[in-house]
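Visitor: My file is structure.cif. It has mmCIF, C-alpha atoms:
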data_data
#
loop_
_atom_site.group_PDB
_atom_site.id
_atom_site.type_symbol
_atom_site.label_atom_id
_atom_site.label_comp_id
_atom_site.auth_asym_id
_atom_site.auth_seq_id
_atom_site.Cartn_x
_atom_site.Cartn_y
_atom_site.Cartn_z
ATOM 1 C CA MET A 1 -103.318 -104.743 -96.612
ATOM 2 C CA LEU A 2 -100.306 -104.906 -98.874
ATOM 3 C CA PRO A 3 -101.744 -107.365 -101.483
ATOM 4 C CA VAL A 4 -104.764 -105.081 -101.877
ATOM 5 C CA THR A 5 -102.969 -101.732 -101.931
ATOM 6 C CA ARG A 6 -99.763 -102.641 -103.771
ATOM 7 C CA GLY A 7 -100.599 -105.873 -105.547
ATOM 8 C CA VAL A 8 -99.647 -109.529 -105.312
ATOM 9 C CA GLU A 9 -96.216 -109.270 -106.975
ATOM 10 C CA VAL A 10 -94.970 -106.561 -104.605
ATOM 11 C CA THR A 11 -96.231 -108.590 -101.645
ATOM 12 C CA LYS A 12 -94.397 -111.694 -102.835
ATOM 13 C CA ARG A 13 -91.173 -109.696 -103.077
ATOM 14 C CA TRP A 14 -91.627 -108.585 -99.445
ATOM 15 C CA VAL A 15 -92.346 -112.163 -98.368
ATOM 16 C CA LEU A 16 -89.080 -113.243 -100.002
ATOM 17 C CA PHE A 17 -87.240 -110.365 -98.299
ATOM 18 C CA TYR A 18 -88.506 -111.297 -94.835
ATOM 19 C CA MET A 19 -87.820 -114.961 -95.517
ATOM 20 C CA PHE A 20 -84.108 -114.178 -95.872
ATOM 21 C CA VAL A 21 -84.154 -111.973 -92.774
ATOM 22 C CA LEU A 22 -85.867 -114.821 -90.906
ATOM 23 C CA LEU A 23 -83.192 -117.307 -92.000
ATOM 24 C CA GLY A 24 -80.573 -114.955 -90.571
ATOM 25 C CA VAL A 25 -82.421 -114.224 -87.349
ATOM 26 C CA SER A 26 -83.289 -117.896 -86.732
ATOM 27 C CA VAL A 27 -79.604 -118.850 -86.333
ATOM 28 C CA LEU A 28 -79.014 -116.175 -83.664
ATOM 29 C CA PRO A 29 -80.007 -118.489 -80.764
ATOM 30 C CA TYR A 30 -77.101 -120.711 -81.865
ATOM 31 C CA THR A 31 -74.559 -117.948 -82.540
ATOM 32 C CA THR A 32 -75.271 -116.255 -79.177
ATOM 33 C CA GLY A 33 -74.888 -119.509 -77.249
ATOM 34 C CA MET A 34 -78.546 -119.726 -76.210
ATOM 35 C CA SER A 35 -79.035 -123.021 -78.085
ATOM 36 C CA GLY A 36 -76.772 -125.771 -79.422
ATOM 37 C CA LEU A 37 -76.273 -127.795 -82.583
ATOM 38 C CA LEU A 38 -79.554 -129.669 -82.261
ATOM 39 C CA TYR A 39 -81.442 -126.375 -82.545
ATOM 40 C CA LEU A 40 -79.211 -125.137 -85.377
ATOM 41 C CA ALA A 41 -79.837 -128.301 -87.417
ATOM 42 C CA GLY A 42 -83.592 -128.008 -86.799
ATOM 43 C CA ALA A 43 -83.716 -124.293 -87.635
ATOM 44 C CA LEU A 44 -81.785 -124.761 -90.893
ATOM 45 C CA GLY A 45 -83.879 -127.771 -91.917
ATOM 46 C CA LEU A 46 -87.174 -126.031 -91.183
ATOM 47 C CA GLY A 47 -85.876 -122.816 -92.785
ATOM 48 C CA SER A 48 -84.941 -124.645 -96.000
ATOM 49 C CA GLY A 49 -88.499 -125.949 -96.240
ATOM 50 C CA PHE A 50 -89.972 -122.493 -95.659
ATOM 51 C CA LEU A 51 -87.611 -121.002 -98.249
ATOM 52 C CA TYR A 52 -88.682 -123.653 -100.771
ATOM 53 C CA HIS A 53 -92.342 -122.693 -100.286
ATOM 54 C CA VAL A 54 -91.653 -118.959 -100.474
ATOM 55 C CA VAL A 55 -89.567 -119.337 -103.658
ATOM 56 C CA THR A 56 -92.324 -121.500 -105.174
ATOM 57 C CA LEU A 57 -94.879 -118.847 -104.192
ATOM 58 C CA PHE A 58 -92.673 -116.226 -105.848
ATOM 59 C CA ARG A 59 -92.289 -118.224 -109.067
ATOM 60 C CA THR A 60 -95.907 -119.308 -109.526
ATOM 61 C CA ASP A 61 -98.774 -117.106 -110.664
ATOM 62 C CA GLY A 62 -101.294 -115.501 -108.360
ATOM 63 C CA ASP A 63 -102.290 -117.343 -105.198
ATOM 64 C CA SER A 64 -101.781 -120.944 -106.394
ATOM 65 C CA HIS A 65 -99.094 -121.637 -103.767
ATOM 66 C CA SER A 66 -100.194 -119.197 -101.056
ATOM 67 C CA MET A 67 -102.155 -121.597 -98.817
ATOM 68 C CA ALA A 68 -99.376 -124.203 -98.923
ATOM 69 C CA THR A 69 -96.933 -121.489 -97.818
ATOM 70 C CA PHE A 70 -99.277 -120.284 -95.068
ATOM 71 C CA LYS A 71 -99.793 -123.809 -93.704
ATOM 72 C CA TYR A 72 -96.070 -124.530 -93.750
ATOM 73 C CA SER A 73 -95.366 -121.283 -91.884
ATOM 74 C CA ILE A 74 -97.441 -122.524 -88.936
ATOM 75 C CA TRP A 75 -95.624 -125.876 -88.843
ATOM 76 C CA TYR A 76 -92.365 -123.975 -89.158
ATOM 77 C CA LEU A 77 -93.015 -122.016 -85.968
ATOM 78 C CA TYR A 78 -94.195 -125.081 -84.023
ATOM 79 C CA GLY A 79 -91.109 -126.924 -85.280
ATOM 80 C CA LEU A 80 -88.807 -124.097 -84.229
ATOM 81 C CA PHE A 81 -90.335 -124.126 -80.731
ATOM 82 C CA PHE A 82 -89.940 -127.883 -80.623
ATOM 83 C CA PHE A 83 -86.232 -127.674 -81.452
ATOM 84 C CA LEU A 84 -85.656 -124.827 -78.985
ATOM 85 C CA LEU A 85 -87.207 -126.942 -76.217
ATOM 86 C CA ALA A 86 -85.576 -130.199 -77.308
ATOM 87 C CA ASP A 87 -82.193 -128.487 -77.395
ATOM 88 C CA HIS A 88 -82.870 -126.842 -74.025
ATOM 89 C CA TYR A 89 -83.661 -130.137 -72.287
ATOM 90 C CA LEU A 90 -81.515 -132.586 -74.267
ATOM 91 C CA GLY A 91 -78.664 -130.316 -75.366
ATOM 92 C CA ASN A 92 -76.395 -131.384 -72.533
ATOM 93 C CA LEU A 93 -76.786 -135.095 -73.149
ATOM 94 C CA MET B 1 -141.751 -119.169 -69.884
ATOM 95 C CA THR B 2 -140.036 -115.848 -69.133
ATOM 96 C CA GLU B 3 -137.476 -117.743 -67.112
ATOM 97 C CA ILE B 4 -136.669 -120.011 -70.028
ATOM 98 C CA ALA B 5 -136.387 -117.043 -72.384
ATOM 99 C CA GLY B 6 -134.172 -115.290 -69.842
ATOM 100 C CA SER B 7 -131.840 -118.221 -69.465
ATOM 101 C CA MET B 8 -131.574 -118.604 -73.219
ATOM 102 C CA VAL B 9 -130.513 -114.972 -73.567
ATOM 103 C CA GLY B 10 -128.077 -115.568 -70.714
ATOM 104 C CA THR B 11 -126.516 -118.533 -72.486
ATOM 105 C CA ALA B 12 -126.241 -116.598 -75.714
ATOM 106 C CA HIS B 13 -124.488 -113.719 -73.970
ATOM 107 C CA TRP B 14 -122.053 -116.015 -72.242
ATOM 108 C CA ARG B 15 -121.079 -117.418 -75.628
ATOM 109 C CA HIS B 16 -120.729 -113.946 -77.123
ATOM 110 C CA TYR B 17 -118.413 -112.804 -74.341
ATOM 111 C CA LEU B 18 -116.290 -115.881 -74.885
ATOM 112 C CA ALA B 19 -116.340 -115.471 -78.675
ATOM 113 C CA ILE B 20 -114.972 -111.914 -78.646
ATOM 114 C CA CYS B 21 -111.942 -113.136 -76.664
ATOM 115 C CA LYS B 22 -110.871 -115.233 -79.686
ATOM 116 C CA PRO B 23 -110.240 -118.327 -77.510
ATOM 117 C CA ARG B 24 -108.229 -120.177 -80.151
ATOM 118 C CA ILE B 25 -105.774 -117.306 -80.525
ATOM 119 C CA VAL B 26 -105.576 -116.852 -76.749
ATOM 120 C CA THR B 27 -104.736 -120.558 -76.387
ATOM 121 C CA LEU B 28 -101.964 -120.158 -78.947
ATOM 122 C CA ILE B 29 -100.643 -117.069 -77.114
ATOM 123 C CA CYS B 30 -100.591 -118.951 -73.789
ATOM 124 C CA PHE B 31 -98.797 -121.855 -75.474
ATOM 125 C CA THR B 32 -96.040 -119.566 -76.820
ATOM 126 C CA ALA B 33 -95.770 -117.878 -73.395
ATOM 127 C CA VAL B 34 -95.212 -121.321 -71.844
ATOM 128 C CA VAL B 35 -92.388 -121.964 -74.332
ATOM 129 C CA GLY B 36 -90.725 -118.749 -73.115
ATOM 130 C CA MET B 37 -91.226 -119.842 -69.500
ATOM 131 C CA LEU B 38 -89.711 -123.296 -70.081
ATOM 132 C CA LEU B 39 -86.693 -121.867 -71.912
ATOM 133 C CA SER B 40 -86.015 -119.264 -69.197
ATOM 134 C CA THR B 41 -84.729 -121.697 -66.592
ATOM 135 C CA ASP B 42 -82.622 -124.857 -66.538
ATOM 136 C CA GLY B 43 -84.585 -126.516 -63.783
ATOM 137 C CA LEU B 44 -88.291 -126.848 -63.113
ATOM 138 C CA VAL B 45 -90.364 -123.723 -63.623
ATOM 139 C CA PRO B 46 -91.655 -122.461 -60.217
ATOM 140 C CA TRP B 47 -95.411 -123.102 -60.075
ATOM 141 C CA GLN B 48 -96.688 -119.703 -58.906
ATOM 142 C CA PRO B 49 -95.335 -117.463 -61.706
ATOM 143 C CA PHE B 50 -96.073 -120.306 -64.137
ATOM 144 C CA VAL B 51 -99.774 -120.582 -63.277
ATOM 145 C CA PHE B 52 -100.491 -116.905 -62.617
ATOM 146 C CA GLY B 53 -98.315 -115.848 -65.534
ATOM 147 C CA ILE B 54 -100.432 -117.929 -67.931
ATOM 148 C CA ILE B 55 -103.658 -116.606 -66.390
ATOM 149 C CA GLY B 56 -102.502 -112.965 -66.520
ATOM 150 C CA ILE B 57 -101.149 -113.139 -70.076
ATOM 151 C CA GLY B 58 -104.259 -115.047 -71.243
ATOM 152 C CA LEU B 59 -106.603 -112.453 -69.718
ATOM 153 C CA ALA B 60 -104.652 -109.594 -71.312
ATOM 154 C CA ALA B 61 -104.840 -111.325 -74.706
ATOM 155 C CA SER B 62 -108.598 -111.829 -74.235
ATOM 156 C CA SER B 63 -108.980 -108.154 -73.393
ATOM 157 C CA ALA B 64 -107.009 -107.110 -76.490
ATOM 158 C CA ALA B 65 -109.182 -109.356 -78.674
ATOM 159 C CA SER B 66 -112.360 -107.872 -77.181
ATOM 160 C CA ILE B 67 -111.176 -104.294 -77.757
ATOM 161 C CA ASN B 68 -110.359 -105.337 -81.333
ATOM 162 C CA HIS B 69 -113.991 -106.426 -81.830
ATOM 163 C CA VAL B 70 -115.246 -103.055 -80.545
ATOM 164 C CA ILE B 71 -112.916 -100.920 -82.663
ATOM 165 C CA ASP B 72 -113.473 -103.022 -85.792
ATOM 166 C CA GLN B 73 -117.239 -103.447 -85.467
ATOM 167 C CA ARG B 74 -118.097 -101.241 -88.447
ATOM 168 C CA ILE B 75 -115.365 -102.611 -90.719
ATOM 169 C CA ASP B 76 -116.250 -106.184 -89.606
ATOM 170 C CA THR B 77 -119.719 -105.873 -91.117
ATOM 171 C CA LEU B 78 -118.079 -105.394 -94.535
ATOM 172 C CA MET B 79 -116.033 -108.621 -94.583
ATOM 173 C CA ASP B 80 -117.422 -112.144 -95.027
ATOM 174 C CA ARG B 81 -115.002 -113.629 -92.525
ATOM 175 C CA THR B 82 -115.938 -111.209 -89.715
ATOM 176 C CA ARG B 83 -119.561 -110.301 -90.483
ATOM 177 C CA SER B 84 -121.062 -112.561 -87.815
ATOM 178 C CA ARG B 85 -118.936 -111.255 -84.916
ATOM 179 C CA PRO B 86 -121.206 -110.518 -81.901
ATOM 180 C CA VAL B 87 -120.369 -106.801 -81.606
ATOM 181 C CA ALA B 88 -120.641 -106.301 -85.390
ATOM 182 C CA THR B 89 -124.133 -107.852 -85.417
ATOM 183 C CA GLY B 90 -125.211 -105.918 -82.314
ATOM 184 C CA GLN B 91 -125.815 -109.095 -80.278
ATOM 185 C CA LEU B 92 -123.356 -107.639 -77.803
ATOM 186 C CA SER B 93 -123.463 -103.861 -77.209
ATOM 187 C CA THR B 94 -120.359 -101.696 -77.488
ATOM 188 C CA ALA B 95 -120.690 -100.689 -73.833
ATOM 189 C CA ALA B 96 -120.974 -104.303 -72.646
ATOM 190 C CA ALA B 97 -117.991 -105.383 -74.732
ATOM 191 C CA LEU B 98 -115.868 -102.466 -73.494
ATOM 192 C CA THR B 99 -116.785 -103.098 -69.849
ATOM 193 C CA TRP B 100 -115.831 -106.737 -70.379
ATOM 194 C CA ALA B 101 -112.510 -105.789 -72.024
ATOM 195 C CA PHE B 102 -111.552 -103.313 -69.285
ATOM 196 C CA SER B 103 -112.501 -105.770 -66.533
ATOM 197 C CA LEU B 104 -110.302 -108.454 -68.090
ATOM 198 C CA ALA B 105 -107.425 -105.975 -68.430
ATOM 199 C CA ILE B 106 -107.689 -104.842 -64.797
ATOM 200 C CA ILE B 107 -107.828 -108.411 -63.444
ATOM 201 C CA SER B 108 -104.890 -109.340 -65.675
ATOM 202 C CA MET B 109 -102.804 -106.437 -64.385
ATOM 203 C CA LEU B 110 -103.621 -107.229 -60.745
ATOM 204 C CA VAL B 111 -102.747 -110.906 -61.183
ATOM 205 C CA LEU B 112 -99.463 -110.138 -62.961
ATOM 206 C CA ALA B 113 -98.358 -107.238 -60.742
ATOM 207 C CA LEU B 114 -99.266 -108.833 -57.399
ATOM 208 C CA LEU B 115 -98.726 -112.556 -58.016
ATOM 209 C CA VAL B 116 -95.980 -112.579 -60.668
ATOM 210 C CA ASN B 117 -93.848 -109.444 -60.994
ATOM 211 C CA PRO B 118 -94.320 -105.737 -61.881
ATOM 212 C CA LEU B 119 -92.114 -105.867 -65.000
ATOM 213 C CA VAL B 120 -94.200 -108.559 -66.694
ATOM 214 C CA ALA B 121 -97.333 -106.548 -65.835
ATOM 215 C CA ALA B 122 -95.858 -103.415 -67.439
ATOM 216 C CA LEU B 123 -94.692 -105.243 -70.589
ATOM 217 C CA THR B 124 -98.015 -107.072 -70.945
ATOM 218 C CA PHE B 125 -99.852 -103.769 -70.615
ATOM 219 C CA ALA B 126 -97.621 -102.252 -73.314
ATOM 220 C CA SER B 127 -98.374 -105.211 -75.634
ATOM 221 C CA LEU B 128 -102.101 -104.877 -74.978
ATOM 222 C CA ILE B 129 -102.066 -101.158 -75.809
ATOM 223 C CA GLY B 130 -99.776 -101.823 -78.768
ATOM 224 C CA TYR B 131 -102.122 -104.376 -80.303
ATOM 225 C CA ALA B 132 -105.580 -103.179 -79.308
ATOM 226 C CA VAL B 133 -105.113 -99.465 -79.758
ATOM 227 C CA ILE B 134 -102.079 -98.568 -81.857
ATOM 228 C CA TYR B 135 -102.312 -101.513 -84.289
ATOM 229 C CA THR B 136 -106.064 -102.017 -84.599
ATOM 230 C CA ALA B 137 -107.152 -98.397 -84.397
ATOM 231 C CA PHE B 138 -104.430 -96.710 -86.429
ATOM 232 C CA LEU B 139 -101.792 -98.717 -88.268
ATOM 233 C CA LYS B 140 -104.095 -101.375 -89.685
ATOM 234 C CA ARG B 141 -106.022 -98.686 -91.557
ATOM 235 C CA THR B 142 -103.228 -96.377 -92.526
ATOM 236 C CA THR B 143 -100.099 -98.227 -93.623
ATOM 237 C CA HIS B 144 -99.293 -100.948 -96.164
ATOM 238 C CA HIS B 145 -96.866 -102.483 -93.736
ATOM 239 C CA ASN B 146 -99.175 -102.795 -90.761
ATOM 240 C CA ILE B 147 -98.416 -106.492 -90.389
ATOM 241 C CA GLU B 148 -94.776 -106.018 -89.409
ATOM 242 C CA LEU B 149 -95.944 -103.760 -86.586
ATOM 243 C CA GLY B 150 -98.812 -106.062 -85.662
ATOM 244 C CA GLY B 151 -96.240 -108.844 -85.491
ATOM 245 C CA PHE B 152 -94.565 -107.118 -82.549
ATOM 246 C CA ALA B 153 -97.657 -107.684 -80.398
ATOM 247 C CA GLY B 154 -97.935 -111.288 -81.592
ATOM 248 C CA ALA B 155 -94.257 -111.829 -80.834
ATOM 249 C CA ALA B 156 -94.507 -110.601 -77.250
ATOM 250 C CA PRO B 157 -95.919 -113.726 -75.461
ATOM 251 C CA PRO B 158 -92.706 -115.842 -75.280
ATOM 252 C CA LEU B 159 -90.842 -112.773 -74.000
ATOM 253 C CA LEU B 160 -93.610 -112.116 -71.472
ATOM 254 C CA GLY B 161 -93.452 -115.763 -70.382
ATOM 255 C CA TRP B 162 -89.703 -115.470 -69.920
ATOM 256 C CA VAL B 163 -90.001 -112.253 -67.866
ATOM 257 C CA ALA B 164 -92.777 -113.817 -65.750
ATOM 258 C CA ILE B 165 -90.262 -116.398 -64.525
ATOM 259 C CA THR B 166 -86.977 -114.464 -64.395
ATOM 260 C CA GLY B 167 -88.221 -110.947 -63.636
ATOM 261 C CA GLN B 168 -85.922 -109.437 -66.255
ATOM 262 C CA VAL B 169 -85.566 -109.015 -70.018
ATOM 263 C CA GLU B 170 -82.612 -111.088 -71.222
ATOM 264 C CA LEU B 171 -81.031 -111.651 -74.646
ATOM 265 C CA PRO B 172 -82.665 -115.049 -75.443
ATOM 266 C CA ALA B 173 -86.096 -113.557 -74.693
ATOM 267 C CA VAL B 174 -85.378 -110.707 -77.108
ATOM 268 C CA LEU B 175 -84.268 -113.252 -79.747
ATOM 269 C CA LEU B 176 -87.569 -115.138 -79.408
ATOM 270 C CA PHE B 177 -89.378 -111.825 -79.836
ATOM 271 C CA LEU B 178 -87.281 -110.986 -82.889
ATOM 272 C CA ILE B 179 -87.793 -114.386 -84.568
ATOM 273 C CA ILE B 180 -91.578 -114.276 -84.289
ATOM 274 C CA SER B 181 -91.684 -110.615 -85.400
ATOM 275 C CA VAL B 182 -89.745 -111.450 -88.572
ATOM 276 C CA TRP B 183 -91.753 -114.669 -89.099
ATOM 277 C CA THR B 184 -95.081 -112.802 -89.095
ATOM 278 C CA PRO B 185 -94.927 -111.176 -92.580
ATOM 279 C CA PRO B 186 -94.019 -114.354 -94.545
ATOM 280 C CA HIS B 187 -96.612 -116.179 -92.429
ATOM 281 C CA PHE B 188 -99.461 -113.736 -92.894
ATOM 282 C CA TRP B 189 -99.023 -112.245 -96.373
ATOM 283 C CA PRO B 190 -99.494 -115.534 -98.292
ATOM 284 C CA LEU B 191 -102.901 -115.790 -96.561
ATOM 285 C CA ALA B 192 -103.589 -112.143 -97.369
ATOM 286 C CA ILE B 193 -102.795 -112.850 -101.043
ATOM 287 C CA LYS B 194 -105.351 -115.663 -100.998
ATOM 288 C CA ARG B 195 -108.005 -113.461 -99.380
ATOM 289 C CA ARG B 196 -107.203 -110.231 -101.161
ATOM 290 C CA ASP B 197 -110.730 -109.874 -102.538
ATOM 291 C CA ASP B 198 -112.274 -109.935 -99.074
#
Would you mind writing the file's structure down as structure tokens?
Guide:
Amino acid sequence: MLPVTRGVEVTKRWVLFYMFVLLGVSVLPYTTGMSGLLYLAGALGLGSGFLYHVVTLFRTDGDSHSMATFKYSIWYLYGLFFFLLADHYLGNL
Amino acid sequence: MTEIAGSMVGTAHWRHYLAICKPRIVTLICFTAVVGMLLSTDGLVPWQPFVFGIIGIGLAASSAASINHVIDQRIDTLMDRTRSRPVATGQLSTAAALTWAFSLAIISMLVLALLVNPLVAALTFASLIGYAVIYTAFLKRTTHHNIELGGFAGAAPPLLGWVAITGQVELPAVLLFLIISVWTPPHFWPLAIKRRDD
């Protein structure tokens, strides 16, 4: 695993990297017309929260913020699914 | 007396078979597959591909988890978190676990190919091989960046759910796959940082 083989700091840099890629990828359902504004608002809101945790993880020492980030990541994905479905069923209202 | 002993062993085995399927993860996989199914159509999801799609995808995920326990049995004995896994402790033999895993995979493929559609069967099979064999057996031990590749298998269920209903791979399904793939590293690595001594 990366934290073991390359260390915690390198891993945190990769987490930050993928966080930005995720922010970009998470708006694609909106830009391709799959989902509407409701999803976009949800994705950006949830993404801001995830970014906050990842930046905090990056700026704090060791693993002090790692479990908070991990727990948020799970809520993030559930939230994203929720907004995809809500937009799918309510988007036309 | 022998009968009681026999039934106790039987109960224990039943629990071991269930345990190596990682039921909590399989439930999560089925849930994400259902999201893909719901998003794939504007109207109501037709019941047959919905029900048999969930069963087929769930069985394939159970099979992958079981194969994972067999391949990782030696390494599992070295980690606190995994030391008590049934195959690692020898409570369930390698042969029994493999027979179980292959049976689940075959039933899964039959259900998907005959009662859903051939494409979802093929893609589910590819995900199963991708996770159980390529990821567990090779990448996990050899590369620093195994988790990105492992994420592909974890990202497959919503796409599989979508294909179960529509019979084809479409752009939104690929986007769901992409989002979960990219989500996996920032999801998993913070946990890995916490457990780096394990």
Visitor: Selection in question (the file shown): the PyMOL selection byres ((chain B and resi 106) around 12). Which residues does it include, as number ranges by chain?
Guide: B: 56-57, 59-60, 62-64, 99-105, 107-114, 121, 124-125, 128
Visitor: Expand the PyMOL selection byres ((chain B) within 12 of (chain A)) into the individual residues it matches in the shown file, reporting them as a count of residues only.
Guide: 57
Visitor: Just the number, please: distance in Å from atom CA of A:Asp61 to atom CA of B:Thr82, one decimal.
Guide: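 Atom-to-atom, atom CA of A:Asp61 to atom CA of B:Thr82, that is 27.7 Å.
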Visitor: Go through the shown structure with the PyMOL selection byres ((chain B and resi 66) around 9) and write out the matching residues as a list in words.
Guide: Tyr17, Ala19, Ile20, Cys21, Lys22, Ala61, Ser62, Ser63, Ala64, Ala65, Ile67, Asn68, His69, Val70, Ile71, Ala97, Leu98, Trp100, Ala101 and Ala132 of chain B
Visitor: Provide the atom CA of B:Asn117 to atom CA of B:Gly167 distance in Å, to one decimal place.
Guide: 6.4 Å
Visitor: Could you work out how far atom CA of B:Ser84 lies from atom CA of B:Asp72, giving the answer in Å with one decimal?
Guide: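 If I compute the distance from atom CA of B:Asp72 to atom CA of B:Ser84, I get 12.4 Å.
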